[in-house]
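Next up, my_file.csv (CSV, C-alpha atoms):
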```csv
chain,number,residue,atom,x,y,z
A,836,MET,CA,-16.7,-25.4,-13.2
A,837,ASP,CA,-13.9,-22.7,-13.4
A,838,ASP,CA,-12.4,-21.9,-10.0
A,839,TYR,CA,-11.7,-18.3,-11.0
A,840,ASN,CA,-13.1,-15.6,-13.2
A,841,LEU,CA,-10.8,-12.7,-14.0
A,842,ASP,CA,-12.3,-9.2,-14.1
A,843,THR,CA,-10.4,-8.2,-17.2
A,844,ASN,CA,-12.5,-5.1,-17.9
A,845,ARG,CA,-11.9,-3.5,-14.5
A,846,GLU,CA,-9.2,-1.2,-15.9
A,847,GLU,CA,-11.5,0.1,-18.6
A,848,ARG,CA,-14.3,0.7,-16.0
A,849,LEU,CA,-12.3,2.1,-13.2
A,850,GLY,CA,-8.8,3.0,-14.4
A,851,PHE,CA,-6.9,0.3,-12.6
A,852,PRO,CA,-6.7,-3.5,-13.0
A,853,GLU,CA,-7.8,-6.3,-10.7
A,854,VAL,CA,-5.4,-7.3,-8.0
A,855,VAL,CA,-5.2,-10.9,-6.8
A,856,TYR,CA,-5.4,-11.8,-3.1
A,857,GLY,CA,-2.9,-14.5,-2.7
A,858,SER,CA,-3.0,-15.6,0.9
A,859,SER,CA,-5.8,-18.2,0.6
A,860,LYS,CA,-5.0,-19.4,-3.0
A,861,SER,CA,-2.7,-22.3,-3.8
A,862,VAL,CA,0.5,-21.7,-5.7
A,863,GLU,CA,-0.9,-23.7,-8.6
A,864,LEU,CA,-4.0,-21.5,-8.8
A,865,LEU,CA,-1.9,-18.3,-8.5
A,866,GLU,CA,0.4,-19.6,-11.3
A,867,ARG,CA,-2.6,-20.1,-13.6
A,868,ILE,CA,-4.1,-16.7,-12.9
A,869,LEU,CA,-0.8,-14.9,-13.3
A,870,ASN,CA,0.0,-16.8,-16.4
A,871,GLU,CA,-3.3,-15.7,-18.0
A,872,TYR,CA,-2.3,-12.1,-17.5
A,873,HIS,CA,1.3,-12.8,-18.6
A,874,SER,CA,0.2,-14.5,-21.8
A,875,LYS,CA,-1.9,-11.4,-22.7
A,876,GLY,CA,1.1,-9.1,-22.1
A,877,ARG,CA,-0.5,-7.5,-19.0
A,878,ASN,CA,1.0,-6.8,-15.7
A,879,ALA,CA,-0.5,-8.2,-12.5
A,880,LEU,CA,-0.1,-8.0,-8.8
A,881,ALA,CA,-0.8,-10.6,-6.2
A,882,THR,CA,-0.9,-9.5,-2.5
A,883,ARG,CA,-0.2,-11.5,0.7
A,884,VAL,CA,1.7,-14.2,-1.1
A,885,GLN,CA,3.5,-16.3,1.5
A,886,PRO,CA,7.3,-16.7,1.0
A,887,GLU,CA,7.2,-20.3,0.0
A,888,LYS,CA,4.6,-19.5,-2.6
A,889,GLY,CA,6.6,-16.4,-3.8
A,890,GLN,CA,9.7,-18.4,-4.3
A,891,ARG,CA,7.9,-21.1,-6.3
A,892,LEU,CA,6.2,-18.4,-8.4
A,893,LEU,CA,9.6,-16.8,-9.2
A,894,GLU,CA,10.6,-20.1,-10.8
A,895,SER,CA,7.7,-19.7,-13.3
A,896,PHE,CA,8.1,-16.0,-13.7
A,897,PRO,CA,11.8,-15.2,-13.2
A,898,GLU,CA,11.4,-11.6,-14.3
A,899,ALA,CA,8.9,-10.9,-11.6
A,900,ARG,CA,9.4,-8.9,-8.4
A,901,TYR,CA,8.6,-10.6,-5.1
A,902,ASP,CA,8.9,-8.5,-2.0
A,903,PRO,CA,9.1,-10.8,1.0
A,904,ILE,CA,8.5,-7.9,3.5
A,905,SER,CA,5.0,-7.1,2.1
A,906,GLN,CA,4.5,-10.4,0.4
A,907,ALA,CA,3.6,-8.6,-2.8
A,908,PHE,CA,4.3,-10.4,-6.1
A,909,LEU,CA,4.4,-8.1,-9.2
A,910,LEU,CA,4.8,-9.7,-12.6
A,911,GLN,CA,6.7,-6.7,-13.9
A,912,GLU,CA,8.1,-3.9,-11.7
A,913,ASN,CA,7.8,-0.6,-13.5
A,914,SER,CA,10.8,1.7,-13.5
A,915,LEU,CA,9.5,5.0,-12.1
A,916,ASP,CA,11.1,8.3,-11.2
A,917,GLU,CA,10.4,8.6,-7.4
A,918,SER,CA,11.9,12.1,-7.3
A,919,SER,CA,8.7,13.3,-9.0
A,920,ALA,CA,6.3,11.3,-6.8
A,921,GLN,CA,3.1,13.1,-5.8
A,922,ILE,CA,2.2,10.4,-3.2
A,923,ALA,CA,4.2,9.9,0.0
A,924,ILE,CA,3.8,6.8,2.2
A,925,LEU,CA,4.8,7.5,5.8
A,926,SER,CA,5.3,5.0,8.6
A,927,ALA,CA,5.5,5.5,12.3
A,928,GLY,CA,8.0,2.8,12.7
A,929,SER,CA,10.1,0.3,10.7
A,930,SER,CA,7.7,-2.5,11.9
A,931,ASP,CA,5.0,-0.9,9.7
A,932,LEU,CA,7.2,-1.5,6.6
A,933,PRO,CA,5.1,-4.5,5.3
A,934,ILE,CA,2.1,-2.1,4.9
A,935,VAL,CA,4.2,0.7,3.4
A,936,ASN,CA,5.6,-1.7,0.8
A,937,GLU,CA,2.2,-3.2,0.0
A,938,ALA,CA,1.0,0.3,-0.8
A,939,PHE,CA,4.2,1.1,-2.7
A,940,TYR,CA,4.0,-1.9,-5.0
A,941,THR,CA,0.3,-1.4,-5.6
A,942,LEU,CA,1.0,2.1,-6.9
A,943,ASN,CA,3.9,0.7,-9.0
A,944,LEU,CA,1.4,-1.6,-10.7
A,945,VAL,CA,-0.6,1.5,-11.8
A,946,GLN,CA,2.6,3.3,-12.8
A,947,THR,CA,2.4,5.8,-10.1
A,948,PRO,CA,5.6,6.7,-8.3
A,949,ALA,CA,5.6,7.1,-4.5
A,950,LYS,CA,8.2,8.0,-2.0
A,951,ARG,CA,8.5,6.1,1.2
A,952,ILE,CA,9.3,8.0,4.4
A,953,ASN,CA,9.8,5.5,7.2
A,954,ASP,CA,10.2,5.7,11.0
A,955,VAL,CA,8.9,9.2,11.7
A,956,GLY,CA,6.6,8.3,14.5
A,957,VAL,CA,5.5,10.4,17.5
A,958,ALA,CA,8.2,8.9,19.8
A,959,GLY,CA,10.7,10.9,17.9
A,960,ILE,CA,8.5,13.5,16.3
A,961,GLN,CA,11.5,15.7,15.3
A,962,ARG,CA,12.1,13.2,12.5
A,963,LEU,CA,8.8,14.2,10.9
A,964,PHE,CA,9.5,17.9,11.3
A,965,ASP,CA,12.8,17.3,9.3
A,966,ARG,CA,10.7,16.1,6.3
A,967,LEU,CA,7.8,18.6,6.3
A,968,GLU,CA,9.1,20.8,3.4
A,969,GLU,CA,9.6,17.7,1.3
A,970,LEU,CA,6.1,16.4,2.2
A,971,LYS,CA,4.5,19.7,1.2
A,972,SER,CA,5.3,19.0,-2.4
A,973,CYS,CA,3.1,15.8,-2.4
A,974,ARG,CA,-0.5,15.8,-3.3
A,975,VAL,CA,-1.7,12.8,-1.2
A,976,LEU,CA,-0.3,11.3,1.9
A,977,ILE,CA,-0.7,7.7,3.2
A,978,VAL,CA,0.2,7.4,6.9
A,979,ALA,CA,0.6,3.9,8.5
A,980,ALA,CA,0.9,3.5,12.3
A,981,GLY,CA,0.4,0.8,14.9
A,982,PHE,CA,0.3,1.0,18.7
A,983,GLU,CA,-1.7,4.1,19.6
A,984,GLY,CA,-2.0,5.2,15.9
A,985,ALA,CA,-1.2,8.8,16.6
A,986,LEU,CA,0.9,9.7,13.6
A,987,PRO,CA,-2.0,10.5,11.1
A,988,SER,CA,-3.4,13.0,13.6
A,989,VAL,CA,-0.1,14.8,13.9
A,990,VAL,CA,0.3,14.8,10.1
A,991,GLY,CA,-3.2,16.0,9.7
A,992,GLY,CA,-2.6,18.9,12.0
A,993,LEU,CA,0.5,20.0,10.1
A,994,LEU,CA,-0.2,19.4,6.4
A,995,SER,CA,-3.2,20.2,4.2
A,996,GLN,CA,-3.2,17.3,1.7
A,997,PRO,CA,-5.8,14.5,1.7
A,998,ILE,CA,-4.5,12.0,4.3
A,999,ILE,CA,-5.3,8.2,4.2
A,1000,ALA,CA,-4.5,6.7,7.5
A,1001,VAL,CA,-3.7,2.9,7.8
A,1002,PRO,CA,-3.9,1.3,11.2
A,1003,THR,CA,-1.4,-1.5,11.5
A,1004,SER,CA,-1.5,-4.6,13.7
A,1005,VAL,CA,1.9,-3.7,15.2
A,1006,GLY,CA,1.8,-3.6,19.0
A,1007,TYR,CA,1.1,-5.7,22.1
A,1008,GLY,CA,-1.2,-5.6,25.1
A,1009,VAL,CA,-4.1,-3.4,24.3
A,1010,ALA,CA,-2.5,-2.5,21.0
A,1011,THR,CA,-2.6,-6.1,19.8
A,1012,GLY,CA,-4.2,-6.6,16.4
A,1013,GLY,CA,-4.4,-2.9,15.5
A,1014,ASN,CA,-7.8,-2.1,17.0
A,1015,ALA,CA,-6.4,0.6,19.3
A,1016,ALA,CA,-4.8,2.3,16.3
A,1017,LEU,CA,-8.0,1.9,14.3
A,1018,ASN,CA,-10.1,3.5,17.0
A,1019,ALA,CA,-7.7,6.3,17.5
A,1020,MET,CA,-7.6,7.1,13.8
A,1021,LEU,CA,-11.4,7.0,13.5
A,1022,SER,CA,-11.7,9.4,16.5
A,1023,SER,CA,-8.9,11.7,15.4
A,1024,CYS,CA,-9.6,15.4,15.9
A,1025,ALA,CA,-7.5,16.3,12.8
A,1026,ASN,CA,-10.2,17.2,10.3
A,1027,GLY,CA,-10.9,15.2,7.2
A,1028,ILE,CA,-8.6,12.1,7.6
A,1029,SER,CA,-9.8,9.0,5.8
A,1030,VAL,CA,-9.1,5.6,7.5
A,1031,THR,CA,-8.7,2.2,5.9
A,1032,ASN,CA,-9.1,-1.2,7.5
A,1033,ILE,CA,-6.3,-2.6,9.6
A,1034,ASP,CA,-3.1,-3.4,7.6
A,1035,ASN,CA,-4.8,-2.4,4.3
A,1036,GLY,CA,-1.9,-0.9,2.4
A,1037,TYR,CA,-3.5,-2.0,-0.8
A,1038,GLY,CA,-6.7,-0.2,-0.1
A,1039,ALA,CA,-4.9,3.0,0.9
A,1040,ALA,CA,-2.9,2.9,-2.3
A,1041,MET,CA,-6.0,2.6,-4.4
A,1042,ALA,CA,-7.7,5.4,-2.5
A,1043,ALA,CA,-4.7,7.6,-3.1
A,1044,TYR,CA,-4.6,6.7,-6.8
A,1045,ARG,CA,-8.3,7.5,-7.2
A,1046,ILE,CA,-7.8,10.9,-5.6
A,1047,LEU,CA,-4.7,11.7,-7.7
A,1048,ARG,CA,-6.5,10.8,-10.9
A,1049,GLN,CA,-9.3,13.2,-10.1
A,1050,ILE,CA,-6.9,16.0,-9.3
A,1051,ASP,CA,-5.1,15.4,-12.6
A,1052,ARG,CA,-8.4,15.7,-14.5
```
Write the structure described by the file as structure tokens, please.
Amino acid sequence: MDDYNLDTNREERLGFPEVVYGSSKSVELLERILNEYHSKGRNALATRVQPEKGQRLLESFPEARYDPISQAFLLQENSLDESSAQIAILSAGSSDLPIVNEAFYTLNLVQTPAKRINDVGVAGIQRLFDRLEELKSCRVLIVAAGFEGALPSVVGGLLSQPIIAVPTSVGYGVATGGNAALNAMLSSCANGISVTNIDNGYGAAMAAYRILRQIDR
């Protein structure tokens, strides 16, 4: 019995390829899956690939890009012009960078440039104000925040684009695990914000990509 069954037609159906969840897979299984994509000349992304797995996979795929911060393993990083990016990924703090990078490399897989604007959280809100004019040029915003998860509400009150909020598991005490941020985002009074699961940078990127494709149509 085969231990995996690739959805090779997903891109034809939906406009984006299957992405491999790497955390619970052995490095041997990941290597077989990635090699099947590679042998067909197709790019592939594996998420949540632990560092020891990532380093071993780089031995088999030396041209690949492994980001230890987000644990994203991309068979071929695309060279994209970020100055023309229509998606911005904001983080409240540098501790949210793993989720920011997961979204960033997911969008790279589908050849969609994104700009990363980090550490503009509410504790120093003037840092966000300094970037507002730049953000107005984007069509979709992904906003990641832990602790009290306030940043998406602030962004939603200042900017009109579709906003995809990502609660992160950054925090301690009542903020442990991201549930405080999740509940805050779900109960935001800023109208029309969409919210992903905790730490779901990949899902936020795919939602932004779907929105952007519809706008482009």
Check your understanding: Which polymer residues have any atom within 10 Å of an atom of A:Ser918, counting all atoms listed in the file, with same-chain residues fewer than 3 positions away left out, as an MDAnalysis selection string?
Key -> chainID A and resid 915 921 948:950
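Among the candidates A:Ile998, A:Ala881, A:Ala1010, A:Leu1017, the one nearest to A:Ser858 when counting all atoms listed in the file is A:Ala881.
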Point to revise | Close residues, A:Glu871 itself excluded, 12 Å, all atoms listed in the file, min 3 positions apart in chain, as JSON, numbers by chain | key: {"A": [839, 840, 841, 842, 843, 864, 865, 866, 867, 868, 874, 875, 876, 877, 878, 879, 910]}
Exercise for review: Would you mind listing what lies within 6 Å of A:Ser988 as a ChimeraX atom specification, with all atoms listed in the file counted and same-chain residues fewer than 3 positions away left out?
Suggested key: /A:985,991,1023,1025
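Note that atom CA of A:Glu846 and atom CA of A:Gln890 are 28.1 Å apart.
Interatomic distance, atom CA of A:Ala1043 against atom CA of A:Leu993: 18.8 Å.
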Quick one: residues within 10 Å of stretch 932-942 of chain A, only C-alpha atoms, excluding same-chain residues fewer than 4 positions away - as a tab-separated table (two decimals) with C-alpha atoms, keeping the file's coordinate frame?
```
chain	number	residue	atom	x	y	z
A	851	PHE	CA	-6.90	0.30	-12.60
A	854	VAL	CA	-5.40	-7.30	-8.00
A	879	ALA	CA	-0.50	-8.20	-12.50
A	880	LEU	CA	-0.10	-8.00	-8.80
A	881	ALA	CA	-0.80	-10.60	-6.20
A	882	THR	CA	-0.90	-9.50	-2.50
A	883	ARG	CA	-0.20	-11.50	0.70
A	900	ARG	CA	9.40	-8.90	-8.40
A	901	TYR	CA	8.60	-10.60	-5.10
A	902	ASP	CA	8.90	-8.50	-2.00
A	903	PRO	CA	9.10	-10.80	1.00
A	904	ILE	CA	8.50	-7.90	3.50
A	905	SER	CA	5.00	-7.10	2.10
A	906	GLN	CA	4.50	-10.40	0.40
A	907	ALA	CA	3.60	-8.60	-2.80
A	908	PHE	CA	4.30	-10.40	-6.10
A	909	LEU	CA	4.40	-8.10	-9.20
A	912	GLU	CA	8.10	-3.90	-11.70
A	913	ASN	CA	7.80	-0.60	-13.50
A	922	ILE	CA	2.20	10.40	-3.20
A	923	ALA	CA	4.20	9.90	0.00
A	924	ILE	CA	3.80	6.80	2.20
A	925	LEU	CA	4.80	7.50	5.80
A	926	SER	CA	5.30	5.00	8.60
A	927	ALA	CA	5.50	5.50	12.30
A	928	GLY	CA	8.00	2.80	12.70
A	946	GLN	CA	2.60	3.30	-12.80
A	947	THR	CA	2.40	5.80	-10.10
A	948	PRO	CA	5.60	6.70	-8.30
A	949	ALA	CA	5.60	7.10	-4.50
A	950	LYS	CA	8.20	8.00	-2.00
A	951	ARG	CA	8.50	6.10	1.20
A	952	ILE	CA	9.30	8.00	4.40
A	953	ASN	CA	9.80	5.50	7.20
A	954	ASP	CA	10.20	5.70	11.00
A	977	ILE	CA	-0.70	7.70	3.20
A	978	VAL	CA	0.20	7.40	6.90
A	979	ALA	CA	0.60	3.90	8.50
A	980	ALA	CA	0.90	3.50	12.30
A	1001	VAL	CA	-3.70	2.90	7.80
A	1002	PRO	CA	-3.90	1.30	11.20
A	1003	THR	CA	-1.40	-1.50	11.50
A	1004	SER	CA	-1.50	-4.60	13.70
A	1033	ILE	CA	-6.30	-2.60	9.60
A	1034	ASP	CA	-3.10	-3.40	7.60
A	1035	ASN	CA	-4.80	-2.40	4.30
A	1036	GLY	CA	-1.90	-0.90	2.40
A	1037	TYR	CA	-3.50	-2.00	-0.80
A	1038	GLY	CA	-6.70	-0.20	-0.10
A	1039	ALA	CA	-4.90	3.00	0.90
A	1040	ALA	CA	-2.90	2.90	-2.30
A	1041	MET	CA	-6.00	2.60	-4.40
A	1043	ALA	CA	-4.70	7.60	-3.10
A	1044	TYR	CA	-4.60	6.70	-6.80
```
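Distance annotation: of A:Val1030, A:Ile1050, A:Leu994, A:Leu869, the residue with the minimal separation from A:Leu892 is A:Leu869; atom set is all atoms listed in the file.
From atom CA of A:Val1009 back to atom CA of A:Ile960, the distance works out to 22.5 Å.
In this comparison, which uses all atoms listed in the file, the residue of A:Gly1008, A:Gly1027, A:Gly981, A:Gly850 approaching A:Gln996 most closely is A:Gly1027.
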Revision key, fill the gap. Judged by all atoms listed in the file, the minimum distance to A:Gly984 among A:Ile1028, A:Val855, A:Ala1015, A:Leu944 is found for A:Ala1015
